[in-house]
file run_15.txt (compact mmCIF, C-alpha atoms)
# COMPACT_ATOMS: atom_id res chain seq x y z
CA MET N 1 80.85 130.20 94.36
CA ASN N 2 80.87 130.50 90.61
CA ILE N 3 81.71 127.61 88.38
CA ASN N 4 83.85 128.60 85.45
CA LEU N 5 86.70 127.54 83.24
CA THR N 6 88.92 127.10 86.31
CA LEU N 7 87.22 123.78 86.87
CA PHE N 8 88.49 122.37 83.60
CA ALA N 9 91.93 123.84 83.97
CA GLN N 10 92.15 122.40 87.46
CA ALA N 11 90.93 119.01 86.19
CA ALA N 12 93.64 119.10 83.55
CA THR N 13 96.26 119.85 86.19
CA PHE N 14 94.88 117.01 88.28
CA ALA N 15 95.09 114.64 85.33
CA ILE N 16 98.71 115.63 84.72
CA PHE N 17 99.63 115.02 88.34
CA ILE N 18 97.85 111.66 88.40
CA TRP N 19 99.66 110.66 85.22
CA PHE N 20 102.98 111.81 86.66
CA THR N 21 102.49 109.92 89.92
CA ALA N 22 101.29 106.77 88.20
CA LYS N 23 104.05 106.90 85.61
CA PHE N 24 107.10 108.13 87.51
CA VAL N 25 106.55 107.97 91.24
CA TRP N 26 104.64 104.79 91.91
CA PRO N 27 106.56 102.25 89.76
CA HIS N 28 109.94 103.22 91.24
CA LEU N 29 108.75 102.90 94.78
CA ALA N 30 106.65 99.80 94.18
CA ARG N 31 109.65 98.12 92.59
CA ALA N 32 111.94 99.07 95.47
CA ILE N 33 109.44 97.94 98.07
CA GLU N 34 108.75 94.67 96.28
CA ALA N 35 112.46 94.00 95.89
CA ARG N 36 112.97 94.69 99.58
CA GLN N 37 110.08 92.43 100.54
CA LYS N 38 111.57 89.68 98.40
CA HIS N 39 114.96 90.31 99.95
CA ILE N 40 113.53 90.08 103.45
CA ALA N 41 111.59 86.94 102.62
CA GLU N 42 114.75 85.37 101.24
CA GLY N 43 116.68 86.40 104.31
CA LEU N 44 114.08 84.86 106.56
CA ALA N 45 114.08 81.67 104.51
CA ALA N 46 117.88 81.55 104.68
CA ALA N 47 117.77 82.03 108.43
CA GLU N 48 115.27 79.21 108.69
CA ARG N 49 117.49 76.99 106.57
CA GLY N 50 120.50 77.92 108.67
CA LYS N 51 118.62 77.01 111.81
CA GLN N 52 117.68 73.65 110.36
CA ASP N 53 121.26 73.06 109.24
CA LEU N 54 122.47 73.91 112.71
CA GLU N 55 120.05 71.45 114.25
CA GLN N 56 121.13 68.73 111.85
CA ALA N 57 124.77 69.52 112.51
CA ALA N 58 124.16 69.28 116.24
CA VAL N 59 122.54 65.88 115.77
CA ARG N 60 125.44 64.73 113.57
CA THR N 61 128.00 66.02 116.05
CA ALA N 62 126.35 64.19 118.91
CA ASP N 63 126.37 61.07 116.78
CA MET N 64 130.04 61.49 115.96
CA VAL N 65 130.96 62.09 119.57
CA GLN N 66 129.06 58.97 120.55
CA LYS N 67 130.89 56.94 117.93
CA ALA N 68 134.26 58.36 118.91
CA LYS N 69 133.62 57.50 122.52
CA GLN N 70 132.71 53.99 121.53
CA GLN N 71 135.86 53.66 119.43
CA ALA N 72 138.00 55.00 122.23
CA GLN N 73 136.46 52.46 124.55
CA GLU N 74 137.25 49.69 122.10
CA ILE N 75 140.81 50.89 121.60
CA LEU N 76 141.28 51.09 125.33
CA ALA N 77 140.01 47.57 125.79
CA GLN N 78 142.26 46.31 122.99
CA ALA N 79 145.25 48.07 124.49
CA GLU N 80 144.57 46.59 127.85
CA GLY N 81 144.30 43.12 126.31
CA ARG N 82 147.46 43.67 124.39
CA ALA N 83 149.29 44.84 127.52
CA THR N 84 148.22 41.77 129.44
CA GLN N 85 149.31 39.62 126.54
CA ILE N 86 152.69 41.34 126.34
CA ILE N 87 153.18 40.90 130.07
CA GLU N 88 152.29 37.24 129.82
CA GLU N 89 154.65 36.79 126.90
CA ALA N 90 157.37 38.62 128.75
CA LYS N 91 156.81 36.40 131.73
CA VAL N 92 157.07 33.30 129.62
CA ALA N 93 160.16 34.63 127.82
CA ALA N 94 161.75 35.55 131.12
CA GLY N 95 161.04 32.10 132.47
CA GLU N 96 162.54 30.49 129.40
CA GLU N 97 165.54 32.76 129.54
CA GLY N 98 166.01 31.98 133.19
CA SER N 99 165.91 28.25 132.72
CA ARG N 100 168.23 28.56 129.71
CA LEU N 101 170.72 30.53 131.79
CA LEU N 102 170.32 28.04 134.58
CA ALA N 103 170.97 25.17 132.19
CA GLY N 104 174.06 26.98 130.79
CA ALA N 105 175.34 27.58 134.30
CA LYS N 106 174.75 23.95 135.23
CA ALA N 107 176.56 22.78 132.12
CA GLU N 108 179.47 25.06 132.89
CA ILE N 109 179.53 23.88 136.46
CA ASP N 110 179.50 20.26 135.25
CA GLN N 111 182.29 21.08 132.88
CA GLU N 112 184.25 22.77 135.63
CA VAL N 113 183.62 19.82 137.88
CA SER N 114 184.77 17.30 135.30
CA ARG N 115 187.76 19.45 134.45
CA ALA N 116 188.62 19.74 138.14
CA ARG N 117 188.14 16.03 138.51
CA GLU N 118 190.43 15.42 135.53
CA THR N 119 193.01 17.74 136.96
CA LEU N 120 192.61 16.13 140.35
CA ARG N 121 192.93 12.70 138.82
CA THR N 122 196.11 13.68 136.98
CA GLN N 123 197.51 15.29 140.07
CA VAL N 124 196.60 12.31 142.23
CA ALA N 125 198.22 10.04 139.69
CA GLU N 126 201.30 12.20 139.58
CA LEU N 127 201.28 12.36 143.37
CA ALA N 128 200.99 8.59 143.53
CA VAL N 129 203.76 8.23 140.99
CA ALA N 130 205.89 10.71 142.87
CA GLY N 131 205.20 8.86 146.09
CA ALA N 132 205.88 5.58 144.51
CA GLU N 133 208.99 6.98 142.99
CA GLN N 134 210.14 8.13 146.40
CA ILE N 135 209.37 4.74 147.88
CA LEU N 136 210.65 2.71 145.05
CA ARG N 137 213.58 4.91 144.13
CA ARG N 138 216.06 2.28 143.64
CA GLU N 139 214.84 -0.30 141.28
CA VAL N 140 211.63 0.11 139.58
CA ASP N 141 210.46 -1.21 136.39
CA GLN N 142 209.38 2.03 134.96
CA LYS N 143 207.34 0.51 132.28
CA ALA N 144 205.58 -2.11 134.41
CA HIS N 145 204.71 0.57 136.92
CA ALA N 146 203.54 2.93 134.29
CA ASP N 147 201.15 0.31 133.03
CA LEU N 148 200.05 -0.39 136.56
CA LEU N 149 199.54 3.25 137.24
CA ALA N 150 197.73 3.79 133.99
CA GLY N 151 195.44 1.01 134.96
CA VAL N 152 194.84 2.63 138.33
CA GLN N 153 194.35 6.00 136.66
CA SER N 154 191.74 4.72 134.36
CA GLN N 155 189.92 3.16 137.29
CA LEU N 156 189.68 6.50 139.07
CA MET D 1 93.75 147.16 99.95
CA GLU D 2 95.07 150.71 100.18
CA ALA D 3 92.64 151.98 97.62
CA GLN D 4 89.44 151.14 99.48
CA GLU D 5 88.22 151.94 102.94
CA LEU D 6 89.12 149.18 105.37
CA ASN D 7 86.12 147.75 107.13
CA PRO D 8 85.16 144.13 107.97
CA THR D 9 83.20 143.73 104.79
CA SER D 10 85.92 145.02 102.51
CA TYR D 11 88.56 143.09 104.47
CA ILE D 12 86.79 139.75 104.13
CA GLY D 13 85.69 140.58 100.63
CA HIS D 14 89.26 141.28 99.65
CA HIS D 15 90.50 137.97 101.02
CA LEU D 16 87.72 136.03 99.33
CA LYS D 17 88.16 137.55 95.91
CA ASN D 18 89.94 135.51 93.28
CA GLN D 19 92.56 136.80 90.93
CA THR D 20 90.98 136.21 87.54
CA ILE D 21 91.66 136.31 83.85
CA SER D 22 88.71 136.51 81.47
CA PHE D 23 88.65 135.09 77.98
CA GLY D 24 85.16 136.09 76.97
CA ASP D 25 82.11 138.05 77.88
CA SER D 26 80.36 135.21 79.62
CA PRO D 27 81.42 134.82 83.26
CA PHE D 28 82.14 131.18 82.46
CA TRP D 29 85.23 132.03 80.43
CA THR D 30 87.18 133.03 83.49
CA LEU D 31 90.21 131.47 85.09
CA HIS D 32 90.99 131.74 88.77
CA ILE D 33 94.70 132.29 88.39
CA ASP D 34 95.36 132.11 92.14
CA THR D 35 93.71 128.72 92.52
CA LEU D 36 95.42 127.32 89.47
CA VAL D 37 98.89 128.67 90.16
CA THR D 38 98.90 127.84 93.88
CA SER D 39 97.69 124.30 93.29
CA ALA D 40 100.08 123.79 90.39
CA VAL D 41 103.05 125.07 92.38
CA LEU D 42 102.12 122.85 95.34
CA GLY D 43 101.69 119.89 93.03
CA VAL D 44 105.01 120.47 91.31
CA ILE D 45 106.78 120.79 94.66
CA ALA D 46 105.08 117.73 96.18
CA PHE D 47 105.30 115.38 93.22
CA GLY D 48 108.70 116.68 92.25
CA PHE D 49 109.89 115.87 95.75
CA LEU D 50 108.31 112.42 95.58
CA TRP D 51 109.90 111.82 92.21
CA LEU D 52 113.33 112.98 93.36
CA VAL D 53 113.14 110.68 96.36
CA VAL D 54 111.82 107.59 94.61
CA ARG D 55 114.15 108.06 91.63
CA GLY D 56 117.02 107.02 93.87
CA ALA D 57 114.91 104.56 95.83
CA THR D 58 116.89 101.63 97.06
CA ALA D 59 115.58 98.19 97.90
CA GLY D 60 118.08 98.03 100.71
CA VAL D 61 117.96 100.05 103.90
CA PRO D 62 116.08 103.25 103.01
CA GLY D 63 117.33 106.69 103.98
CA LYS D 64 115.26 109.06 106.08
CA ARG D 65 113.62 110.78 103.13
CA GLN D 66 112.85 107.52 101.37
CA ALA D 67 111.49 106.06 104.61
CA PHE D 68 109.22 109.09 104.98
CA VAL D 69 107.93 108.75 101.42
CA GLU D 70 107.50 105.01 101.83
CA LEU D 71 105.58 105.60 105.03
CA ALA D 72 103.19 108.00 103.28
CA VAL D 73 102.81 105.80 100.22
CA GLY D 74 102.46 102.70 102.39
CA PHE D 75 99.74 104.41 104.41
CA VAL D 76 97.79 105.25 101.25
CA ASP D 77 98.42 101.82 99.75
CA ASP D 78 97.19 100.10 102.93
CA GLN D 79 93.96 102.08 102.78
CA VAL D 80 93.52 101.20 99.11
CA LYS D 81 94.33 97.55 99.81
CA GLY D 82 91.59 97.44 102.46
CA ILE D 83 88.91 98.72 100.10
CA PHE D 84 89.92 97.90 96.57
CA HIS D 85 90.61 94.34 95.50
CA GLY D 86 92.36 94.20 92.20
CA ASN D 87 95.29 95.68 90.35
CA ARG D 88 96.33 98.71 92.38
CA ASN D 89 98.83 100.06 89.84
CA PHE D 90 96.53 102.91 88.97
CA ILE D 91 94.30 103.28 92.00
CA THR D 92 97.11 103.70 94.53
CA PRO D 93 98.94 106.43 92.55
CA LEU D 94 95.59 108.15 92.08
CA ALA D 95 94.81 107.97 95.78
CA LEU D 96 98.35 109.14 96.58
CA THR D 97 97.99 112.09 94.22
CA VAL D 98 94.66 113.05 95.73
CA PHE D 99 95.86 112.72 99.32
CA VAL D 100 99.16 114.56 98.94
CA TRP D 101 97.78 117.30 96.76
CA VAL D 102 94.64 117.92 98.79
CA ILE D 103 96.46 117.93 102.12
CA LEU D 104 98.95 120.50 100.80
CA MET D 105 96.22 122.66 99.27
CA ASN D 106 94.32 122.50 102.54
CA ALA D 107 97.46 123.30 104.51
CA MET D 108 97.75 126.64 102.70
CA ASP D 109 95.14 127.72 105.24
CA PHE D 110 97.86 127.78 107.91
CA LEU D 111 99.76 130.58 106.23
CA PRO D 112 98.82 133.88 107.89
CA VAL D 113 96.52 135.57 105.37
CA ASP D 114 97.61 139.14 105.89
CA VAL D 115 101.33 138.45 105.81
CA MET D 116 100.81 136.47 102.63
CA ALA D 117 98.59 139.23 101.23
CA TRP D 118 101.44 141.68 101.73
CA ILE D 119 103.83 139.29 99.97
CA TYR D 120 101.42 138.72 97.08
CA GLU D 121 100.89 142.46 96.83
CA HIS D 122 104.48 143.65 97.02
CA VAL D 123 106.54 140.71 95.79
CA PHE D 124 104.26 139.24 93.13
CA HIS D 125 102.17 142.40 92.49
CA GLN D 126 98.90 140.58 92.83
CA HIS D 127 96.26 142.56 94.65
CA TYR D 128 93.85 139.68 94.96
CA TRP D 129 95.13 136.24 95.79
CA ARG D 130 93.14 133.46 97.47
CA GLN D 131 95.77 131.09 98.64
CA VAL D 132 93.66 128.02 99.58
CA PRO D 133 92.78 126.26 96.32
CA THR D 134 90.42 123.81 98.02
CA ALA D 135 88.36 126.75 99.33
CA ASP D 136 87.57 127.42 95.67
CA VAL D 137 84.62 125.31 94.59
CA ASN D 138 86.10 125.02 91.11
CA ALA D 139 89.07 123.12 92.44
CA THR D 140 87.08 120.65 94.53
CA PHE D 141 84.59 120.12 91.71
CA ALA D 142 87.46 119.56 89.33
CA LEU D 143 88.84 116.79 91.56
CA ALA D 144 85.44 115.27 92.28
CA LEU D 145 84.32 115.34 88.65
CA SER D 146 87.60 113.82 87.50
CA VAL D 147 87.01 111.00 89.92
CA TRP D 148 83.42 110.80 88.72
CA VAL D 149 84.54 110.47 85.10
CA LEU D 150 87.02 107.78 86.14
CA MET D 151 84.23 106.06 88.02
CA ILE D 152 82.03 105.87 84.93
CA PHE D 153 85.03 104.91 82.80
CA TYR D 154 85.85 101.98 85.07
CA SER D 155 82.19 100.97 85.37
CA ILE D 156 82.04 100.65 81.60
CA LYS D 157 85.48 99.12 81.33
CA VAL D 158 84.78 96.42 83.91
CA LYS D 159 81.17 95.59 83.08
CA GLY D 160 81.08 96.60 79.43
CA PHE D 161 78.76 99.29 78.10
CA GLY D 162 75.81 96.88 78.07
CA GLY D 163 76.55 95.74 81.57
CA TRP D 164 76.71 99.32 82.78
CA ILE D 165 73.38 100.21 81.16
CA HIS D 166 71.92 97.00 82.52
CA GLU D 167 73.06 97.93 85.98
CA LEU D 168 71.60 101.41 85.65
CA PHE D 169 68.15 99.87 85.16
CA CYS D 170 68.33 96.59 87.04
CA ALA D 171 70.17 97.48 90.24
CA PRO D 172 69.75 97.82 93.14
CA PHE D 173 66.05 96.80 93.38
CA GLY D 174 65.80 94.06 90.77
CA ALA D 175 65.52 93.28 87.07
CA ASN D 176 61.68 93.41 86.89
CA PRO D 177 60.73 95.91 84.12
CA LEU D 178 58.32 97.54 86.54
CA LEU D 179 61.30 98.44 88.72
CA TRP D 180 63.36 99.96 85.92
CA PRO D 181 62.28 103.57 86.50
CA ALA D 182 62.91 103.26 90.22
CA ASN D 183 66.33 101.74 89.64
CA PHE D 184 67.24 104.36 87.10
CA LEU D 185 66.08 107.18 89.33
CA PHE D 186 68.01 105.74 92.24
CA ASN D 187 71.18 105.42 90.20
CA MET D 188 70.83 108.93 88.83
CA VAL D 189 70.48 110.30 92.35
CA GLU D 190 73.57 108.35 93.31
CA TYR D 191 75.57 109.54 90.32
CA ILE D 192 74.63 113.14 91.00
CA SER D 193 75.04 113.04 94.77
CA LYS D 194 78.45 111.38 94.69
CA PRO D 195 80.44 114.22 93.09
CA LEU D 196 78.36 116.83 94.91
CA SER D 197 78.99 115.41 98.36
CA HIS D 198 82.57 114.57 97.44
CA SER D 199 83.47 118.09 96.41
CA LEU D 200 81.20 120.18 98.61
CA ARG D 201 82.35 118.42 101.79
CA LEU D 202 85.93 119.45 101.14
CA PHE D 203 85.00 122.88 99.86
CA GLY D 204 82.68 123.58 102.80
CA ASN D 205 85.22 122.59 105.39
CA MET D 206 88.03 124.61 103.90
CA TYR D 207 85.88 127.63 103.09
CA ALA D 208 84.49 127.66 106.62
CA GLY D 209 87.96 127.29 108.07
CA GLU D 210 89.23 130.19 105.99
CA LEU D 211 86.25 132.31 106.96
CA ILE D 212 86.64 131.65 110.67
CA PHE D 213 90.29 132.73 110.45
CA LEU D 214 89.20 135.92 108.69
CA LEU D 215 86.56 136.63 111.33
CA LEU D 216 89.13 136.12 114.07
CA TRP D 217 91.51 138.53 112.35
CA VAL D 218 88.71 141.08 112.02
CA TRP D 219 88.23 140.81 115.75
CA ALA D 220 91.98 141.06 116.27
CA ALA D 221 91.92 144.44 114.52
CA THR D 222 89.41 145.96 116.98
CA GLY D 223 91.79 146.71 119.83
CA LEU D 224 94.02 145.22 122.45
CA VAL D 225 91.38 142.86 123.92
CA GLY D 226 90.41 141.76 120.46
CA THR D 227 94.04 141.20 119.51
CA VAL D 228 94.73 139.06 122.58
CA PHE D 229 91.58 136.97 122.29
CA GLY D 230 91.78 136.87 118.52
CA ALA D 231 95.32 135.53 118.72
CA MET D 232 94.41 132.96 121.36
CA LEU D 233 91.38 131.75 119.46
CA GLY D 234 93.40 131.85 116.26
CA VAL D 235 95.93 129.47 117.79
CA GLY D 236 93.13 127.21 118.99
CA TRP D 237 91.44 127.21 115.62
CA ALA D 238 94.74 126.63 113.82
CA ILE D 239 95.49 123.60 116.01
CA PHE D 240 91.99 122.24 115.44
CA HIS D 241 92.38 123.04 111.77
CA ILE D 242 95.40 120.71 111.55
CA LEU D 243 92.96 117.92 112.24
CA ILE D 244 90.48 119.21 109.67
CA VAL D 245 93.14 119.65 107.00
CA ALA D 246 94.43 116.11 107.40
CA LEU D 247 91.01 114.58 107.95
CA GLN D 248 89.41 116.21 104.91
CA ALA D 249 92.31 115.14 102.72
CA PHE D 250 91.99 111.62 104.09
CA ILE D 251 88.20 111.57 103.59
CA PHE D 252 88.57 112.89 100.05
CA MET D 253 91.08 110.15 99.27
CA MET D 254 88.97 107.43 100.89
CA LEU D 255 85.86 108.49 98.99
CA THR D 256 87.86 108.48 95.76
CA VAL D 257 88.95 104.92 96.43
CA VAL D 258 85.51 103.82 97.58
CA TYR D 259 83.78 105.25 94.50
CA LEU D 260 86.29 103.65 92.15
CA SER D 261 86.13 100.34 93.97
CA MET D 262 82.32 100.43 93.76
CA ALA D 263 82.66 101.05 90.02
CA HIS D 264 84.66 97.82 89.79
CA GLU D 265 82.01 95.75 91.53
CA SER D 266 79.14 94.17 89.68
CA HIS D 267 75.72 93.84 91.23

call {"tool": "encode", "arguments": {"input": "run_15.txt", "output": "C-alpha cells"}}
result
Amino acid sequence: MNINLTLFAQAATFAIFIWFTAKFVWPHLARAIEARQKHIAEGLAAAERGKQDLEQAAVRTADMVQKAKQQAQEILAQAEGRATQIIEEAKVAAGEEGSRLLAGAKAEIDQEVSRARETLRTQVAELAVAGAEQILRREVDQKAHADLLAGVQSQL
Amino acid sequence: MEAQELNPTSYIGHHLKNQTISFGDSPFWTLHIDTLVTSAVLGVIAFGFLWLVVRGATAGVPGKRQAFVELAVGFVDDQVKGIFHGNRNFITPLALTVFVWVILMNAMDFLPVDVMAWIYEHVFHQHYWRQVPTADVNATFALALSVWVLMIFYSIKVKGFGGWIHELFCAPFGANPLLWPANFLFNMVEYISKPLSHSLRLFGNMYAGELIFLLLWVWAATGLVGTVFGAMLGVGWAIFHILIVALQAFIFMMLTVVYLSMAHESH
C-alpha cells in the first residue's frame, strides 16, 4: 500500500474516460431514449384520439341509423297513402269508364231500336201497300193512296 | 517465479507485487504499469463498446446490444435520478463511467491468477503483473480523489466561493461565531473521511477477495485433499465474489452520486 505517481496517472485516465462518456456515449443514448419516449407519448396520444374519434363516430352512426329509420318509416307511410289514393282514383276512373261504356251501349241500343223501328215501319208500310195493292189491284188511285199511306206511315 | 524458491510467502508475494517503472529516486516517482494498463485496456474496451453501440442508437425498436446498453445506462440513470435533482447531463455519465469501469476492474478478480500469470510471463513477458486494478490503493484513491475534487468544484460552483467558505464555518451547527471552530472541524473531518472511506472500502474488499483466492490456491498446492477442498472453496468464494464485485461497484457509484448531490445542496 504505497501511494505514488500511479494515483495521478490513474486519475488522468479516469478523467479521460469520464470526458469520453459524457461527450460521446451519453448524448447519443439520451437523444435516442428521449426521441423514443416522445414517439411513444405521441403514439399513446394518437391512440387516445383514435379512441375518441371512434366513440364519436359510433354516436354519429347511431344517429344516422335512427334518422334513416325515421325516413324509411315516413316514406313507407307516404307510399301507403299514395297506394290507397291510386286505388281510390282507379276505382273512380273505373266507375266512370263503366258508366260511360254503359251510356254508349244504351245509346247504341237506342239507335238500333230506332233503326229497327224505322225499318219495321217501312216494311209494315210496304207490306200494307203490297196488301192493299193485292186487294185493290184493279183500280186504285195510286196517288190518293200514296198520300193516304204516307199519312198512315207518319202516324206510326 | 522460476528464479525463486516457491513457498507460500513467495507465491503470495509474487502475486501481490506490482510491475513498476521508476522515474526518480524517491519511491513516489513510480508508476504501477499493471494497474494503469489493465484499467486503461478495460476502459477502452468498455467505453469503446458503449460508444460503438450508442453511435448507431436508434429511437425506434432497439436491437439486443442497444437494449442491453440502455438497460445498464437506464439503471444508472434511475439511481442518479433518485438521489440527484438537477441537470444530469454530467452526473449520469460520471456515474456510468464509475460503475462500468469499477465493475470491470473488480471482475478481473475472476480470472484465474496462475493461468493469467503464465500468460503475462510468456506472452507479454511481464514477470510481475497484478491484474485487479481496484486492489491497488492508488487506483481507488485516484477515483475517490477525482470525485472529491469534483465535489469541491461543484460546491464552489453552486454556492460560490463565499458561500462555500460560509458553509465550512456555519454548517451544520449554526452561524454563531462561537460555533465556527466546531463547524470547521466537523467539515474537515467530513472532507477527509469521505475520500478515505470511499476508496478504502473498495480497495479493502477487492484486496481481501484477491488475498482469499491466493490463500485458497496455496492450500490447493498442498496435495490432493487441499486441491479438492481448495477448488470447492474457490468456487464458493468466486460465486460469493460475484456479489461483492457488483455490490462494491454499485456502492462506489452510489457514493459518488451522493457526494456530488450533497455538494449541490445548500445548508

call {"tool": "closest_residue", "arguments": {"input": "run_15.txt", "among": "D:His264, D:Arg130, D:His15, D:Lys64", "to": "D:Tyr154", "atoms": "only C-alpha atoms"}}
result
D:His264

call {"tool": "interface_residues", "arguments": {"input": "run_15.txt", "of": "chain D", "to": "chain N", "cutoff": "6 Å", "atoms": "all atoms listed in the file", "output": "list in words"}}
result
Phe28, Trp29, Thr30, Leu31, His32, Trp51, Val54, Thr58, Ala59, Pro93, Leu94, Thr97, Asn138, Ala139 and Ala142 of chain D

call {"tool": "atom_distance", "arguments": {"input": "run_15.txt", "atom1": "atom CA of D:Gly226", "atom2": "atom CA of D:Gly204"}}
result
26.5 Å

call {"tool": "residues_near_point", "arguments": {"input": "run_15.txt", "point": "(94.7, 102.7, 102.7)", "cutoff": "9 Å", "atoms": "only C-alpha atoms", "output": "list in words"}}
result
Gly74, Phe75, Val76, Asp77, Asp78, Gln79, Val80, Lys81, Gly82, Ile83, Thr92, Ala95, Met253, Met254 and Val257 of chain D

call {"tool": "write_last_selection", "arguments": {"input": "run_15.txt", "atoms": "C-alpha atoms", "output": "PDB file, in the frame of the given file"}}
result
ATOM      1  CA  GLY D  74     102.460 102.700 102.390  1.00  0.00           C
ATOM      2  CA  PHE D  75      99.740 104.410 104.410  1.00  0.00           C
ATOM      3  CA  VAL D  76      97.790 105.250 101.250  1.00  0.00           C
ATOM      4  CA  ASP D  77      98.420 101.820  99.750  1.00  0.00           C
ATOM      5  CA  ASP D  78      97.190 100.100 102.930  1.00  0.00           C
ATOM      6  CA  GLN D  79      93.960 102.080 102.780  1.00  0.00           C
ATOM      7  CA  VAL D  80      93.520 101.200  99.110  1.00  0.00           C
ATOM      8  CA  LYS D  81      94.330  97.550  99.810  1.00  0.00           C
ATOM      9  CA  GLY D  82      91.590  97.440 102.460  1.00  0.00           C
ATOM     10  CA  ILE D  83      88.910  98.720 100.100  1.00  0.00           C
ATOM     11  CA  THR D  92      97.110 103.700  94.530  1.00  0.00           C
ATOM     12  CA  ALA D  95      94.810 107.970  95.780  1.00  0.00           C
ATOM     13  CA  MET D 253      91.080 110.150  99.270  1.00  0.00           C
ATOM     14  CA  MET D 254      88.970 107.430 100.890  1.00  0.00           C
ATOM     15  CA  VAL D 257      88.950 104.920  96.430  1.00  0.00           C
TER      16      VAL D 257
END

call {"tool": "atom_distance", "arguments": {"input": "run_15.txt", "atom1": "atom CA of D:Ile33", "atom2": "atom CA of D:Ala46"}}
result
19.5 Å

call {"tool": "atom_distance", "arguments": {"input": "run_15.txt", "atom1": "atom CA of N:Ala116", "atom2": "atom CA of N:Arg137"}}
result
29.6 Å

call {"tool": "residues_around", "arguments": {"input": "run_15.txt", "residues": "D:Ala221", "least_positions_apart": "6", "cutoff": "12 Å", "atoms": "all atoms listed in the file", "output": "PyMOL selection string"}}
result
chain D and resi 6-8+11+114+214-215+227-231

call {"tool": "residues_around", "arguments": {"input": "run_15.txt", "residues": "D:Ala263", "least_positions_apart": "3", "cutoff": "7 Å", "atoms": "all atoms listed in the file", "output": "count of residues only"}}
result
5

call {"tool": "residues_around", "arguments": {"input": "run_15.txt", "residues": "D:Met116", "least_positions_apart": "5", "cutoff": "12 Å", "atoms": "all atoms listed in the file", "output": "number ranges by chain"}}
result
D: 15, 108-111, 121-132

call {"tool": "closest_residue", "arguments": {"input": "run_15.txt", "among": "N:Ile86, N:Ala57, N:Val124, N:Ala144", "to": "N:Leu156", "atoms": "only C-alpha atoms"}}
result
N:Val124
